[in-house]
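Trainee: So that you have it, the file is input.txt, and it contains compact mmCIF, C-alpha atoms:
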# COMPACT_ATOMS: atom_id res chain seq x y z
CA MET T 19 -86.66 11.41 -45.91
CA SER T 20 -83.10 11.26 -47.07
CA THR T 21 -82.20 13.22 -50.20
CA ASP T 22 -78.89 11.45 -50.64
CA THR T 23 -78.24 10.22 -54.16
CA PRO T 24 -76.66 6.80 -54.81
CA ASN T 25 -73.32 8.51 -55.43
CA SER T 26 -73.41 10.87 -52.47
CA GLY T 27 -70.30 10.57 -50.38
CA ALA T 28 -68.49 8.63 -53.09
CA GLN T 29 -64.84 9.41 -53.55
CA PRO T 30 -63.84 10.93 -56.91
CA ALA T 31 -62.18 8.55 -59.33
CA LYS T 32 -58.46 8.37 -58.81
CA LYS T 33 -56.48 9.94 -61.63
CA GLY T 34 -53.87 7.95 -63.50
CA LEU T 35 -50.18 8.78 -63.33
CA VAL T 36 -50.05 10.46 -66.73
CA ARG T 37 -53.09 12.62 -65.95
CA ARG T 38 -51.57 13.66 -62.62
CA LEU T 39 -48.34 14.59 -64.40
CA TYR T 40 -50.38 16.56 -66.95
CA ASP T 41 -52.18 18.52 -64.22
CA TRP T 42 -48.92 19.10 -62.34
CA ILE T 43 -47.29 20.56 -65.44
CA LEU T 44 -50.26 22.88 -66.03
CA SER T 45 -50.00 24.13 -62.45
CA TRP T 46 -46.64 25.72 -63.30
CA ALA T 47 -48.40 28.17 -65.63
CA GLU T 48 -49.43 30.15 -62.55
CA SER T 49 -45.97 30.09 -60.98
CA ARG T 50 -43.37 32.84 -61.02
CA TRP T 51 -40.97 30.11 -62.15
CA ALA T 52 -42.98 29.47 -65.32
CA SER T 53 -40.16 30.48 -67.68
CA THR T 54 -37.72 28.16 -65.94
CA ALA T 55 -40.33 25.39 -65.92
CA ILE T 56 -40.99 25.52 -69.67
CA PHE T 57 -37.26 25.32 -70.36
CA LEU T 58 -36.74 22.37 -68.00
CA PHE T 59 -39.83 20.45 -69.11
CA ALA T 60 -38.81 20.85 -72.76
CA MET T 61 -35.31 19.66 -71.92
CA VAL T 62 -36.27 16.52 -70.01
CA GLU T 63 -39.00 15.62 -72.52
CA SER T 64 -36.26 15.24 -75.12
CA ILE T 65 -34.60 12.61 -72.92
CA PHE T 66 -37.27 10.65 -71.01
CA PHE T 67 -40.30 12.68 -69.83
CA PRO T 68 -43.68 11.42 -71.20
CA ILE T 69 -45.66 14.69 -71.44
CA PRO T 70 -44.84 17.03 -74.36
CA PRO T 71 -43.95 20.63 -73.42
CA ASP T 72 -46.70 21.94 -75.72
CA VAL T 73 -49.11 21.47 -72.79
CA LEU T 74 -47.41 24.11 -70.65
CA LEU T 75 -46.46 26.23 -73.66
CA MET T 76 -50.12 26.63 -74.66
CA ALA T 77 -51.17 27.50 -71.11
CA LEU T 78 -48.44 30.14 -70.82
CA CYS T 79 -49.20 31.67 -74.20
CA ILE T 80 -52.91 31.89 -73.42
CA GLY T 81 -52.20 33.47 -70.03
CA MET T 82 -49.59 35.92 -71.37
CA PRO T 83 -50.02 36.30 -75.15
CA ARG T 84 -47.45 39.10 -75.48
CA LYS T 85 -44.77 36.68 -74.22
CA SER T 86 -45.80 33.85 -76.55
CA PHE T 87 -42.68 33.95 -78.70
CA ARG T 88 -40.40 34.27 -75.67
CA TYR T 89 -41.92 31.08 -74.27
CA ALA T 90 -41.57 29.40 -77.65
CA LEU T 91 -37.88 30.33 -77.72
CA LEU T 92 -37.31 28.96 -74.21
CA CYS T 93 -39.14 25.80 -75.17
CA THR T 94 -37.06 25.40 -78.33
CA VAL T 95 -33.72 25.98 -76.63
CA GLY T 96 -34.62 23.66 -73.75
CA SER T 97 -35.70 20.93 -76.14
CA VAL T 98 -32.52 21.17 -78.22
CA VAL T 99 -30.33 21.16 -75.10
CA GLY T 100 -32.17 18.02 -73.98
CA ALA T 101 -31.67 16.50 -77.42
CA MET T 102 -27.92 17.06 -77.14
CA VAL T 103 -27.92 15.41 -73.71
CA GLY T 104 -29.85 12.49 -75.15
CA PHE T 105 -27.38 12.20 -78.01
CA GLY T 106 -24.53 12.21 -75.50
CA LEU T 107 -26.14 9.43 -73.46
CA GLY T 108 -26.51 7.33 -76.58
CA ALA T 109 -22.99 8.04 -77.79
CA PHE T 110 -21.03 7.68 -74.55
CA ALA T 111 -23.14 5.92 -71.94
CA TRP T 112 -25.57 3.63 -73.75
CA GLU T 113 -24.22 0.44 -72.16
CA LEU T 114 -24.83 1.99 -68.74
CA VAL T 115 -28.37 3.30 -69.35
CA ASP T 116 -29.85 0.96 -71.97
CA SER T 117 -31.50 -1.30 -69.38
CA TRP T 118 -33.32 1.72 -67.95
CA PHE T 119 -34.54 3.13 -71.27
CA ILE T 120 -35.59 -0.27 -72.62
CA PRO T 121 -38.38 -1.12 -71.96
CA SER T 122 -39.23 1.67 -69.48
CA ILE T 123 -39.14 4.52 -72.04
CA PHE T 124 -39.39 2.71 -75.39
CA SER T 125 -39.35 -0.86 -76.62
CA GLN T 126 -36.41 -2.75 -78.11
CA ALA T 127 -38.39 -3.21 -81.34
CA ALA T 128 -39.00 0.54 -81.67
CA PHE T 129 -35.33 1.27 -81.02
CA ASP T 130 -34.19 -1.29 -83.62
CA ASN T 131 -36.64 0.06 -86.22
CA VAL T 132 -35.38 3.61 -85.76
CA ALA T 133 -31.75 2.47 -85.92
CA ASN T 134 -32.38 0.90 -89.30
CA LEU T 135 -33.80 4.15 -90.66
CA TYR T 136 -30.78 6.31 -89.85
CA ALA T 137 -28.65 4.96 -92.68
CA GLU T 138 -30.88 6.57 -95.32
CA TRP T 139 -32.89 9.32 -93.64
CA ASN T 140 -30.63 10.87 -90.97
CA PHE T 141 -31.64 14.58 -91.07
CA TRP T 142 -35.23 13.85 -92.08
CA LEU T 143 -35.71 11.26 -89.37
CA VAL T 144 -34.69 13.75 -86.69
CA PHE T 145 -36.76 16.51 -88.32
CA THR T 146 -39.87 14.32 -88.53
CA ALA T 147 -39.67 13.28 -84.90
CA GLY T 148 -39.01 16.85 -83.78
CA PHE T 149 -42.05 18.26 -85.57
CA THR T 150 -44.59 15.42 -85.27
CA PRO T 151 -45.96 13.30 -82.39
CA ILE T 152 -43.26 10.62 -82.89
CA PRO T 153 -41.54 10.22 -79.48
CA TYR T 154 -38.60 12.63 -79.79
CA LYS T 155 -36.69 11.00 -76.93
CA LEU T 156 -36.46 7.78 -78.95
CA ILE T 157 -34.75 9.68 -81.75
CA THR T 158 -32.34 11.67 -79.59
CA ILE T 159 -31.04 8.62 -77.73
CA SER T 160 -30.85 6.37 -80.78
CA ALA T 161 -29.05 9.11 -82.75
CA GLY T 162 -26.22 9.02 -80.26
CA VAL T 163 -25.98 5.24 -80.64
CA CYS T 164 -26.31 5.07 -84.42
CA LEU T 165 -24.67 8.24 -85.72
CA GLY T 166 -21.02 9.22 -85.55
CA LEU T 167 -19.90 12.35 -83.76
CA GLY T 168 -19.20 13.85 -87.18
CA GLU T 169 -22.96 13.97 -87.74
CA PHE T 170 -23.71 15.71 -84.45
CA GLY T 171 -23.99 19.08 -86.22
CA ILE T 172 -26.63 17.74 -88.62
CA PHE T 173 -28.52 16.29 -85.66
CA VAL T 174 -28.52 19.63 -83.82
CA LEU T 175 -29.56 21.53 -86.96
CA ALA T 176 -32.47 19.18 -87.63
CA SER T 177 -33.53 19.42 -83.99
CA LEU T 178 -33.35 23.20 -83.93
CA ILE T 179 -35.38 23.62 -87.13
CA SER T 180 -38.06 21.05 -86.30
CA ARG T 181 -38.52 21.96 -82.64
CA GLY T 182 -38.48 25.66 -83.46
CA LEU T 183 -41.09 25.24 -86.18
CA ARG T 184 -43.35 23.26 -83.88
CA PHE T 185 -43.18 25.51 -80.83
CA PHE T 186 -43.22 28.83 -82.67
CA LEU T 187 -46.19 27.64 -84.73
CA VAL T 188 -48.12 26.79 -81.56
CA ALA T 189 -47.17 30.14 -79.97
CA GLY T 190 -47.96 32.05 -83.16
CA LEU T 191 -51.43 30.53 -83.48
CA ILE T 192 -52.30 31.40 -79.89
CA TRP T 193 -50.81 34.90 -80.21
CA LYS T 194 -52.89 35.49 -83.35
CA PHE T 195 -56.18 33.82 -82.45
CA GLY T 196 -56.14 33.55 -78.65
CA ALA T 197 -57.64 30.84 -76.47
CA PRO T 198 -60.23 29.60 -79.03
CA ILE T 199 -57.45 28.14 -81.19
CA LYS T 200 -56.44 25.80 -78.33
CA ARG T 201 -59.25 23.39 -79.20
CA PHE T 202 -58.03 23.21 -82.80
CA ILE T 203 -54.42 22.62 -81.67
CA ASP T 204 -55.49 19.90 -79.24
CA LYS T 205 -57.57 18.12 -81.87
CA TYR T 206 -55.82 18.66 -85.18
CA PHE T 207 -52.29 19.98 -84.70
CA ASN T 208 -50.56 16.61 -84.65
CA LEU T 209 -52.48 15.48 -87.73
CA CYS T 210 -51.55 18.68 -89.58
CA ALA T 211 -47.92 18.31 -88.50
CA ILE T 212 -47.77 14.77 -89.87
CA ALA T 213 -49.39 15.83 -93.15
CA PHE T 214 -46.98 18.76 -93.54
CA THR T 215 -43.96 16.54 -92.89
CA VAL T 216 -45.14 13.85 -95.29
CA LEU T 217 -45.62 16.44 -98.03
CA LEU T 218 -42.27 18.08 -97.32
CA ILE T 219 -40.26 14.87 -97.31
CA GLY T 220 -42.29 13.48 -100.19
CA GLY T 221 -41.29 16.48 -102.28
CA PHE T 222 -37.59 15.86 -101.67
CA VAL T 223 -38.00 12.14 -102.41
CA LEU T 224 -39.76 13.01 -105.66
CA ILE T 225 -36.95 15.35 -106.66
CA LYS T 226 -34.33 12.72 -105.81
CA TYR T 227 -35.87 9.72 -107.55
CA ALA T 228 -38.27 11.00 -110.19
CA LEU T 229 -36.56 14.02 -111.73
Please render this file's structure as structure tokens.
Mentor:
Amino acid sequence: MSTDTPNSGAQPAKKGLVRRLYDWILSWAESRWASTAIFLFAMVESIFFPIPPDVLLMALCIGMPRKSFRYALLCTVGSVVGAMVGFGLGAFAWELVDSWFIPSIFSQAAFDNVANLYAEWNFWLVFTAGFTPIPYKLITISAGVCLGLGEFGIFVLASLISRGLRFFLVAGLIWKFGAPIKRFIDKYFNLCAIAFTVLLIGGFVLIKYAL
């Protein structure tokens, strides 16, 4: 009598592209090139890559807690370098690359909405995208299109502060609490980041308009 189940011999479900990218990124945590990988992934994520570098950052910090802040620094520097490249593409080569970014990376509507926000929010727009789940690549490219070169320094400062806060906070939580905090970060970090940013910007808006 056969003991085969209805699913015996069935092929496992094929993973989607994003999930395969996610698994591929995690595989670098075991590589001797992990430090280079976290820098490069953070850099390209600021320009076009769909998976945030936090994925690899968390895996590296859990595997090597004493190097958590080193990985956070590499992630921050890589992300800011990528942001500067994105700004440069927007400022100097937008007419050559716009057809590739739209709609492959972000929609025309999203780009137009962000462009309209720069006139008033500038620093805070970049900061918010750098710290929260808002697609950072959309902000880096559009900043180059919408802002003058005279505002490049403000752009870099906002990127450095926001990206540094995000990545060092993730590394610090894992360094302090270890692997168990990963579940909290996966589930609640983005929500907490949004709430923090809303409160921070809301405070400045209150000072500006109500006092």
Trainee: To one decimal place, how far is CA of Lys200 (chain T) from CA of Tyr40 (chain T) in Å?
Mentor: 15.9 Å
Trainee: Extract, using all atoms listed in the file, all DNA, RNA and protein residues at most 10 Å from Ala137 (chain T), discarding same-chain residues fewer than 5 positions from it, and format them as number ranges by chain.
Mentor: T: 132, 164-165
Trainee: Quick check, in Å to one decimal: how far apart do CA of Phe110 (chain T) and CA of Gly182 (chain T) lie?
Mentor: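 Computing it gives 26.6 Å between the two atoms.
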Trainee: Give the answer as one residue: which of T:Phe173, T:Phe119, T:Phe149, T:Tyr154 has the shortest atom-to-atom distance to Tyr136 (chain T), using only C-alpha atoms?
Mentor: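 Nearest to Tyr136 (chain T): T:Phe173.
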Trainee: Neighbours of Leu178 (chain T) within 12 Å (all atoms listed in the file; same-chain residues fewer than 2 positions away dropped), as a PyMOL selection string?
Mentor: chain T and resi 91-102+141+144-149+171-176+180-186
Trainee: Which one is closest to Leu135 (chain T): T:Ile152, T:Ile157, T:Ser53, T:Phe105? Count all atoms listed in the file.
Mentor: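 Residue with the minimum atom-to-atom distance to Leu135 (chain T): T:Ile157.
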Trainee: Which one is closest to Phe57 (chain T): T:Val73, T:Ala211, T:Ala90, T:Ala197? Count all atoms listed in the file.
Mentor: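 Closest to Phe57 (chain T) of all the choices is T:Ala90.
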